[in-house]
Amino acid sequence: MPASEDVAYVDHPLLAPSFIERRLYQIRLAGTARNGHTLVCLPTGLGKTTVSLLVTAQRLHDVGGKSLFLAPTKPLVQQHADFYREALNVPDDEIVVFTGDVRPDDRAELWQEAQIVIATPQVIENDLIGNRISLRDVTHLTFDECHRASGDYAYVYIAERYHADAEDPLVTGMSASPGGDEEAILEVCENLGIVDVEVMTEEDADVSEYTHDTDVEWNRIQLPDEILEIRDALNEVITDRLEKLKQLGVTKSTKPDISQKKLNRMRAELQRLMNADKSEGYKGMSTHAEVMKLRRAVELVETQSVESVRRYFERQRNAARSSGASKASQRLVAEPKVREAMRKAESFDGLHPKFRKTRILLAETLGIQDGERVIVFTESRDTAEALTEFLSESFSVRRFVGQGDREGSDGMTQKEQQETLDKFRSGEFEVLVSTSVAEEGLDVPEVDLVLFFEPVPTAIRSIQRKGRTGRQADGRVVVLLAEDTRDEAYFWISRRREKTMQNELRDLKGAADDLEAELDPSQRDLSAFAGDDGSSAGNAGSSTGNEGVDDAGEGDANVASDAESTAESAAASTATNGETAVAAATDSDGQSGLADFGPSDEELARADDGDDDGDDENDGDGDEADDPATVATAGTDDEETVEIVVDQRELDSNIARTLSKREDLTTRLETLAVGDYVLSDRVAVERKSVSDFLDTLTGGDRSIFEQIADLTRHYARPLLIIEGRGLYEERNIHPGAIRGALSSVAVDFNVSVLFTEDEDDTAEMLATIATREQTDRERTVSVHGGKSAKTLDEQQEYVVSAIADIGPVTARTLLEAFGSVEAVMTANEDDLKEVRGVGQVTAERIREVVGAEYR
């Protein structure tokens, strides 16, 4: 910011001169945050990042070490990096950005030289799991938008590791909206190891001079009969499915507007039935899935647009046609009432009233009132794209969405997002239509109007959205609300929760000492943050911000686009203790330990003799060092440390995270060509959830037998782990086919099949096997091999099987009938129907995919 004679600036050796305006409230907050682990609550647009920067400058000056700043999305990371480079007297090359766009090996090298690292949390989590970086020298760690620190979000894991590993830790959490109630705020504090809470509201004298009023208008919309007919047809099906669930005793209500909380309880009841191996539990869960899909369709037609529900139906049709489709998807698209709703949606040629009202409001703001910029927020990417196209007829409009590609929708790269924001700031266009990716913290310019296309049911997101206006001058917020729809429910939920949060913040401001007293006492002793058993404070509780809404998750999709990002798992992993996975021969209570259940030394010797006689095709090929298939051999200075090599793609689960917390082993991340986990030079593991295993039986990129064959070619002791329950009930696959596949894996491929209950059980199994291999057997860890190349026949089958998700069996039949891929592609519908296994629907679908114009 330019210097001015009547403005005072902060003077510090590490701050650029005449750059940071001296605001008393920021100085006070930074002073508290410098002295202890602090949650900084400050309204949007009042400089939370500046507070963290002041703490970082003081910390680096007084203590040294590194500073780590975490933000949930790539655009936010880049924005903060630009600000830090401008504001600090630190060489630009020592302020580095870590996202999935930076190669892991490059990050490991950059980490060593960097003074300040600004990163997405998923990347730091992955680098910690892979032992590429250490938090030992990090003296200040900032969690931006720290209200995300709940459940399985990466912030929770990183905070636990930081307090356990850093020599001199200091945490600053920042948010305009830390939680919907006291319990949620306490969870955030406990998960991040925070002991002080500093709250500034717009009512504070120090703050009020920098804030402006923001009017919120609720604009009611009446839906036309054609749209209500689509909704009513879908609601009839929801009522029918709820009647079936009522017969199972898991619900009393059959009203289609049943609350999400009741649906969650219903799911828990069905899960209990499944755990008891009762068939009605599996049937009920499939019916419950139908209800959830139908509710999403109703939500779209009521609150979004007819176009968005059209696209949703198309995705459901495609899902039902795919190989291994769920019964819920298949029943959904076959239901007559749903098909009727689909036809009505396809034939609707009118304009959704929310579209019409949006155009009127923009004309008022940008035309009559001479406004310059407007942001329109919507939950659905489909709606964002339809709105952008519609509004472009009258205004200069750009969309702003997450980075993940979806069916029929391309995401935006980080560069495209940044370019779009830069053009919006410079006035090259006047309307930004955004999904939730622009809600949190992005430094978008002051706008004249923020338009909510629909209410959002969480206080956090509502506050974040409103923060896009009223920064430099009085702002206006308009919320569109469709009458007699779930918009009404979200309106009341949002108002109640936002009011509750504001009250909580006021209460917290006056009762910070009481809050600190409620925090886990162990948080005060930072050396004990992880506890003697290393367990995370964040394992209890689910993520806030998902209550009562099945949203598009654009913010998360943006994060998940990192090359190594981890999807949030449904269950929180718990850290294990530091004891070795192989127990002593006899536990303290006199019961047998794990060692008692292994083979004797004599049996092990005989087994080793058998391995060395050259009969094993994997071990008898000569010295491993000469084998060109050997990619890497890991070593460690600590002979007692067990190492497990984890495939990058396994980061979607919590297993690697759980293993990385153990003191008795280390994890290393690689992109494995074969297997998911390597436990020694001879043991590699292919892990499949029950759903994954069944998917490989019904088609997909690589069948289970291809994967197992690759495993057996390169490892002497390959293992298949099947994780979860319901192997015979989850899909419409004959039990005999499943047993046949398992028999082939065990007998034809000589691969041991192990079954585990869940991810925690799998982690324990992997640790136990790795410890036996590397400690008891004194074997090293080495990664072998690659996938076998497809033959020409296999490639042809793969191409044809992908035409319309018709699967490998039908693909082979078509190729046998027509002789080539080209002939299959050019065959007419009647000729296709002559082929065994190809009916009218499949033939139509093939011709549609091959002949339709690409849009």
# chains A, B, ... in the order shown; residues from 1 in each chain; ligands from 1
call {"tool": "residues_around", "arguments": {"residues": "region 779-781 of chain A", "least_positions_apart": "2", "cutoff": "6 Å", "atoms": "only C-alpha atoms", "output": "ChimeraX atom specification"}}
result
/A:634,680-681,773-774,777
call {"tool": "write_last_selection", "arguments": {"atoms": "N, CA and C atoms", "output": "PDB file, in the first residue's frame"}}
result
ATOM      1  N   ALA A 634      15.425 -49.161  -0.237  1.00  0.00           N
ATOM      2  CA  ALA A 634      15.436 -48.214   0.874  1.00  0.00           C
ATOM      3  C   ALA A 634      16.329 -48.714   1.980  1.00  0.00           C
ATOM      4  N   SER A 680       8.599 -55.648   2.225  1.00  0.00           N
ATOM      5  CA  SER A 680       9.970 -56.164   2.243  1.00  0.00           C
ATOM      6  C   SER A 680      10.385 -56.402   0.804  1.00  0.00           C
ATOM      7  N   ASP A 681      11.540 -57.034   0.613  1.00  0.00           N
ATOM      8  CA  ASP A 681      11.981 -57.308  -0.750  1.00  0.00           C
ATOM      9  C   ASP A 681      11.129 -58.375  -1.424  1.00  0.00           C
ATOM     10  N   GLU A 773       8.745 -59.290   8.757  1.00  0.00           N
ATOM     11  CA  GLU A 773       9.668 -59.406   7.638  1.00  0.00           C
ATOM     12  C   GLU A 773      11.010 -58.736   7.937  1.00  0.00           C
ATOM     13  N   GLN A 774      10.962 -57.505   8.420  1.00  0.00           N
ATOM     14  CA  GLN A 774      12.181 -56.707   8.523  1.00  0.00           C
ATOM     15  C   GLN A 774      12.918 -56.886   9.850  1.00  0.00           C
ATOM     16  N   ARG A 777      12.783 -61.495  10.299  1.00  0.00           N
ATOM     17  CA  ARG A 777      13.443 -62.168   9.172  1.00  0.00           C
ATOM     18  C   ARG A 777      14.650 -61.389   8.662  1.00  0.00           C
TER      19      ARG A 777
END
call {"tool": "residues_around", "arguments": {"residues": "Leu273 (chain A)", "least_positions_apart": "5", "cutoff": "10 Å", "atoms": "only C-alpha atoms", "output": "ChimeraX atom specification"}}
result
/A:248,250,267-268,278-282,284-285
call {"tool": "residues_around", "arguments": {"residues": "region 846-854 of chain A", "least_positions_apart": "4", "cutoff": "7 Å", "atoms": "only C-alpha atoms", "output": "PyMOL selection string"}}
result
chain A and resi 803-804+825+829+842
call {"tool": "write_last_selection", "arguments": {"atoms": "C-alpha atoms", "output": "JSON list (two decimals), in the first residue's frame"}}
result
[["chain", "number", "residue", "atom", "x", "y", "z"],
["A", 803, "ILE", "CA", -17.40, -47.07, -25.82],
["A", 804, "ALA", "CA", -20.50, -47.21, -23.63],
["A", 825, "MET", "CA", -17.48, -48.23, -34.58],
["A", 829, "GLU", "CA", -27.85, -50.34, -34.97],
["A", 842, "THR", "CA", -26.89, -51.18, -25.71]]
call {"tool": "residues_around", "arguments": {"residues": "Pro104 (chain A)", "least_positions_apart": "6", "cutoff": "12 Å", "atoms": "only C-alpha atoms", "output": "ChimeraX atom specification"}}
result
/A:98,110-111,123-133,562-564,648,668-671
call {"tool": "closest_residue", "arguments": {"among": "A:Ile375, A:Leu481, A:Cys189, A:Val77", "to": "Leu223 (chain A)", "atoms": "only C-alpha atoms"}}
result
A:Leu481
call {"tool": "residues_around", "arguments": {"residues": "Asp168 (chain A)", "least_positions_apart": "6", "cutoff": "9 Å", "atoms": "only C-alpha atoms", "output": "ChimeraX atom specification"}}
result
/A:63,136-140
call {"tool": "write_last_selection", "arguments": {"atoms": "all heavy atoms", "output": "compact mmCIF listing (two decimals), in the first residue's frame"}}
result
# COMPACT_ATOMS: atom_id res chain seq x y z
N VAL A 63 13.59 -15.89 17.16
CA VAL A 63 13.88 -17.32 17.38
C VAL A 63 14.59 -17.95 16.19
O VAL A 63 15.40 -18.87 16.35
CB VAL A 63 12.56 -18.09 17.70
CG1 VAL A 63 12.85 -19.55 18.00
CG2 VAL A 63 11.82 -17.44 18.85
N ARG A 136 10.56 -30.09 12.65
CA ARG A 136 11.39 -29.84 13.84
C ARG A 136 11.78 -28.38 13.96
O ARG A 136 11.77 -27.80 15.06
CB ARG A 136 12.64 -30.71 13.80
CG ARG A 136 13.51 -30.64 15.05
CD ARG A 136 14.60 -31.69 14.99
NE ARG A 136 15.50 -31.45 13.88
CZ ARG A 136 16.61 -30.72 13.95
NH1 ARG A 136 16.94 -30.14 15.09
NH2 ARG A 136 17.38 -30.55 12.90
N ASP A 137 12.15 -27.71 12.85
CA ASP A 137 12.65 -26.34 12.91
C ASP A 137 11.57 -25.30 12.63
O ASP A 137 11.90 -24.10 12.52
CB ASP A 137 13.79 -26.17 11.90
CG ASP A 137 14.98 -27.06 12.21
OD1 ASP A 137 15.21 -27.32 13.41
OD2 ASP A 137 15.65 -27.51 11.27
N VAL A 138 10.32 -25.71 12.50
CA VAL A 138 9.25 -24.75 12.24
C VAL A 138 8.89 -24.05 13.55
O VAL A 138 8.44 -24.68 14.50
CB VAL A 138 8.01 -25.43 11.64
CG1 VAL A 138 6.86 -24.44 11.51
CG2 VAL A 138 8.35 -26.04 10.28
N THR A 139 9.09 -22.74 13.58
CA THR A 139 8.85 -21.98 14.82
C THR A 139 7.53 -21.22 14.82
O THR A 139 7.15 -20.64 15.82
CB THR A 139 10.01 -21.00 15.07
OG1 THR A 139 10.18 -20.17 13.92
CG2 THR A 139 11.30 -21.76 15.37
N HIS A 140 6.85 -21.17 13.66
CA HIS A 140 5.51 -20.56 13.61
C HIS A 140 4.70 -21.26 12.53
O HIS A 140 5.12 -21.33 11.38
CB HIS A 140 5.61 -19.06 13.29
CG HIS A 140 4.27 -18.38 13.35
ND1 HIS A 140 3.92 -17.35 12.50
CD2 HIS A 140 3.19 -18.58 14.15
CE1 HIS A 140 2.69 -16.94 12.79
NE2 HIS A 140 2.23 -17.68 13.78
call {"tool": "closest_residue", "arguments": {"among": "A:Ser394, A:Asn318, A:Ser691, A:Ser653", "to": "Tyr728 (chain A)", "atoms": "only C-alpha atoms"}}
result
A:Ser691
call {"tool": "residues_around", "arguments": {"residues": "Val291 (chain A)", "least_positions_apart": "6", "cutoff": "10 Å", "atoms": "only C-alpha atoms", "output": "PDB file with all heavy atoms, in the first residue's frame"}}
result
ATOM      1  N   LEU A 234     -40.899 -36.426  -8.164  1.00  0.00           N
ATOM      2  CA  LEU A 234     -39.753 -36.983  -7.439  1.00  0.00           C
ATOM      3  C   LEU A 234     -40.099 -37.228  -5.974  1.00  0.00           C
ATOM      4  O   LEU A 234     -39.690 -38.236  -5.382  1.00  0.00           O
ATOM      5  CB  LEU A 234     -38.559 -36.032  -7.550  1.00  0.00           C
ATOM      6  CG  LEU A 234     -37.993 -35.822  -8.955  1.00  0.00           C
ATOM      7  CD1 LEU A 234     -36.958 -34.706  -8.946  1.00  0.00           C
ATOM      8  CD2 LEU A 234     -37.378 -37.109  -9.486  1.00  0.00           C
ATOM      9  N   ASN A 235     -40.862 -36.313  -5.373  1.00  0.00           N
ATOM     10  CA  ASN A 235     -41.238 -36.477  -3.965  1.00  0.00           C
ATOM     11  C   ASN A 235     -42.114 -37.711  -3.747  1.00  0.00           C
ATOM     12  O   ASN A 235     -42.053 -38.343  -2.692  1.00  0.00           O
ATOM     13  CB  ASN A 235     -41.964 -35.226  -3.470  1.00  0.00           C
ATOM     14  CG  ASN A 235     -41.006 -34.134  -3.034  1.00  0.00           C
ATOM     15  OD1 ASN A 235     -39.841 -34.404  -2.743  1.00  0.00           O
ATOM     16  ND2 ASN A 235     -41.474 -32.894  -2.998  1.00  0.00           N
ATOM     17  N   VAL A 237     -41.769 -40.530  -5.265  1.00  0.00           N
ATOM     18  CA  VAL A 237     -40.844 -41.672  -5.205  1.00  0.00           C
ATOM     19  C   VAL A 237     -40.120 -41.680  -3.853  1.00  0.00           C
ATOM     20  O   VAL A 237     -39.907 -42.744  -3.263  1.00  0.00           O
ATOM     21  CB  VAL A 237     -39.830 -41.618  -6.366  1.00  0.00           C
ATOM     22  CG1 VAL A 237     -38.978 -42.888  -6.373  1.00  0.00           C
ATOM     23  CG2 VAL A 237     -40.555 -41.477  -7.699  1.00  0.00           C
ATOM     24  N   ILE A 238     -39.738 -40.510  -3.369  1.00  0.00           N
ATOM     25  CA  ILE A 238     -39.089 -40.448  -2.051  1.00  0.00           C
ATOM     26  C   ILE A 238     -40.013 -41.008  -0.982  1.00  0.00           C
ATOM     27  O   ILE A 238     -39.600 -41.808  -0.128  1.00  0.00           O
ATOM     28  CB  ILE A 238     -38.700 -38.992  -1.714  1.00  0.00           C
ATOM     29  CG1 ILE A 238     -37.595 -38.506  -2.663  1.00  0.00           C
ATOM     30  CG2 ILE A 238     -38.218 -38.885  -0.257  1.00  0.00           C
ATOM     31  CD1 ILE A 238     -37.207 -37.056  -2.457  1.00  0.00           C
ATOM     32  N   THR A 239     -41.301 -40.633  -1.019  1.00  0.00           N
ATOM     33  CA  THR A 239     -42.273 -41.141  -0.043  1.00  0.00           C
ATOM     34  C   THR A 239     -42.380 -42.661  -0.123  1.00  0.00           C
ATOM     35  O   THR A 239     -42.417 -43.354   0.900  1.00  0.00           O
ATOM     36  CB  THR A 239     -43.653 -40.503  -0.287  1.00  0.00           C
ATOM     37  OG1 THR A 239     -43.545 -39.086  -0.140  1.00  0.00           O
ATOM     38  CG2 THR A 239     -44.685 -41.029   0.697  1.00  0.00           C
ATOM     39  N   ASP A 240     -42.414 -43.181  -1.353  1.00  0.00           N
ATOM     40  CA  ASP A 240     -42.496 -44.643  -1.534  1.00  0.00           C
ATOM     41  C   ASP A 240     -41.283 -45.341  -0.934  1.00  0.00           C
ATOM     42  O   ASP A 240     -41.414 -46.362  -0.243  1.00  0.00           O
ATOM     43  CB  ASP A 240     -42.604 -44.961  -3.029  1.00  0.00           C
ATOM     44  CG  ASP A 240     -42.553 -46.455  -3.305  1.00  0.00           C
ATOM     45  OD1 ASP A 240     -43.559 -47.141  -3.060  1.00  0.00           O
ATOM     46  OD2 ASP A 240     -41.474 -46.933  -3.742  1.00  0.00           O
ATOM     47  N   ARG A 241     -40.087 -44.795  -1.151  1.00  0.00           N
ATOM     48  CA  ARG A 241     -38.874 -45.424  -0.625  1.00  0.00           C
ATOM     49  C   ARG A 241     -38.805 -45.314   0.901  1.00  0.00           C
ATOM     50  O   ARG A 241     -38.344 -46.235   1.579  1.00  0.00           O
ATOM     51  CB  ARG A 241     -37.631 -44.774  -1.244  1.00  0.00           C
ATOM     52  CG  ARG A 241     -37.538 -44.886  -2.765  1.00  0.00           C
ATOM     53  CD  ARG A 241     -37.643 -46.326  -3.256  1.00  0.00           C
ATOM     54  NE  ARG A 241     -37.345 -46.441  -4.663  1.00  0.00           N
ATOM     55  CZ  ARG A 241     -38.253 -46.575  -5.643  1.00  0.00           C
ATOM     56  NH1 ARG A 241     -39.548 -46.603  -5.329  1.00  0.00           N
ATOM     57  NH2 ARG A 241     -37.873 -46.687  -6.903  1.00  0.00           N
ATOM     58  N   LEU A 242     -39.288 -44.200   1.438  1.00  0.00           N
ATOM     59  CA  LEU A 242     -39.311 -44.053   2.892  1.00  0.00           C
ATOM     60  C   LEU A 242     -40.310 -45.027   3.526  1.00  0.00           C
ATOM     61  O   LEU A 242     -40.099 -45.483   4.656  1.00  0.00           O
ATOM     62  CB  LEU A 242     -39.651 -42.614   3.272  1.00  0.00           C
ATOM     63  CG  LEU A 242     -38.541 -41.575   3.008  1.00  0.00           C
ATOM     64  CD1 LEU A 242     -39.052 -40.162   3.272  1.00  0.00           C
ATOM     65  CD2 LEU A 242     -37.316 -41.855   3.866  1.00  0.00           C
ATOM     66  N   PRO A 256     -41.330 -36.413   2.394  1.00  0.00           N
ATOM     67  CA  PRO A 256     -40.146 -36.215   1.523  1.00  0.00           C
ATOM     68  C   PRO A 256     -39.203 -35.131   2.012  1.00  0.00           C
ATOM     69  O   PRO A 256     -38.034 -35.129   1.637  1.00  0.00           O
ATOM     70  CB  PRO A 256     -40.771 -35.841   0.165  1.00  0.00           C
ATOM     71  CG  PRO A 256     -42.155 -35.387   0.472  1.00  0.00           C
ATOM     72  CD  PRO A 256     -42.595 -36.131   1.686  1.00  0.00           C
ATOM     73  N   LEU A 263     -32.146 -38.558   8.421  1.00  0.00           N
ATOM     74  CA  LEU A 263     -31.598 -39.465   7.407  1.00  0.00           C
ATOM     75  C   LEU A 263     -30.255 -40.042   7.873  1.00  0.00           C
ATOM     76  O   LEU A 263     -29.954 -41.214   7.623  1.00  0.00           O
ATOM     77  CB  LEU A 263     -31.418 -38.731   6.084  1.00  0.00           C
ATOM     78  CG  LEU A 263     -32.702 -38.507   5.278  1.00  0.00           C
ATOM     79  CD1 LEU A 263     -32.466 -37.496   4.174  1.00  0.00           C
ATOM     80  CD2 LEU A 263     -33.216 -39.820   4.688  1.00  0.00           C
ATOM     81  N   MET A 285     -29.950 -50.091   2.973  1.00  0.00           N
ATOM     82  CA  MET A 285     -28.911 -49.114   2.661  1.00  0.00           C
ATOM     83  C   MET A 285     -28.989 -48.707   1.188  1.00  0.00           C
ATOM     84  O   MET A 285     -28.781 -47.533   0.843  1.00  0.00           O
ATOM     85  CB  MET A 285     -27.535 -49.684   2.976  1.00  0.00           C
ATOM     86  CG  MET A 285     -26.431 -48.648   2.986  1.00  0.00           C
ATOM     87  SD  MET A 285     -26.610 -47.415   4.293  1.00  0.00           S
ATOM     88  CE  MET A 285     -25.882 -48.292   5.678  1.00  0.00           C
ATOM     89  N   ALA A 297     -31.853 -34.376  -6.432  1.00  0.00           N
ATOM     90  CA  ALA A 297     -32.566 -33.925  -7.629  1.00  0.00           C
ATOM     91  C   ALA A 297     -33.644 -32.903  -7.268  1.00  0.00           C
ATOM     92  O   ALA A 297     -33.818 -31.892  -7.960  1.00  0.00           O
ATOM     93  CB  ALA A 297     -33.181 -35.120  -8.352  1.00  0.00           C
ATOM     94  N   ALA A 328     -29.037 -49.071  -6.589  1.00  0.00           N
ATOM     95  CA  ALA A 328     -29.765 -47.820  -6.359  1.00  0.00           C
ATOM     96  C   ALA A 328     -29.853 -47.001  -7.646  1.00  0.00           C
ATOM     97  O   ALA A 328     -30.918 -46.487  -7.995  1.00  0.00           O
ATOM     98  CB  ALA A 328     -29.089 -47.014  -5.255  1.00  0.00           C
ATOM     99  N   LEU A 332     -33.280 -46.324  -9.784  1.00  0.00           N
ATOM    100  CA  LEU A 332     -33.665 -44.922  -9.877  1.00  0.00           C
ATOM    101  C   LEU A 332     -34.083 -44.557 -11.297  1.00  0.00           C
ATOM    102  O   LEU A 332     -35.157 -43.987 -11.512  1.00  0.00           O
ATOM    103  CB  LEU A 332     -32.498 -44.040  -9.422  1.00  0.00           C
ATOM    104  CG  LEU A 332     -32.767 -42.535  -9.370  1.00  0.00           C
ATOM    105  CD1 LEU A 332     -33.728 -42.214  -8.243  1.00  0.00           C
ATOM    106  CD2 LEU A 332     -31.463 -41.773  -9.178  1.00  0.00           C
TER     107      LEU A 332
END
call {"tool": "closest_residue", "arguments": {"among": "A:Gln330, A:Asn89, A:Thr73, A:Ser380", "to": "Arg731 (chain A)", "atoms": "only C-alpha atoms"}}
result
A:Gln330
call {"tool": "select_by_dssp", "arguments": {"residues": "region 103-253 of chain A", "states": "alpha helix (DSSP H)", "output": "number ranges by chain"}}
result
A: 104-113, 121-129, 154-165, 182-192, 205-208, 225-247
call {"tool": "closest_residue", "arguments": {"among": "A:Val338, A:Leu679, A:Met200, A:Ala16", "to": "Thr775 (chain A)", "atoms": "only C-alpha atoms"}}
result
A:Leu679
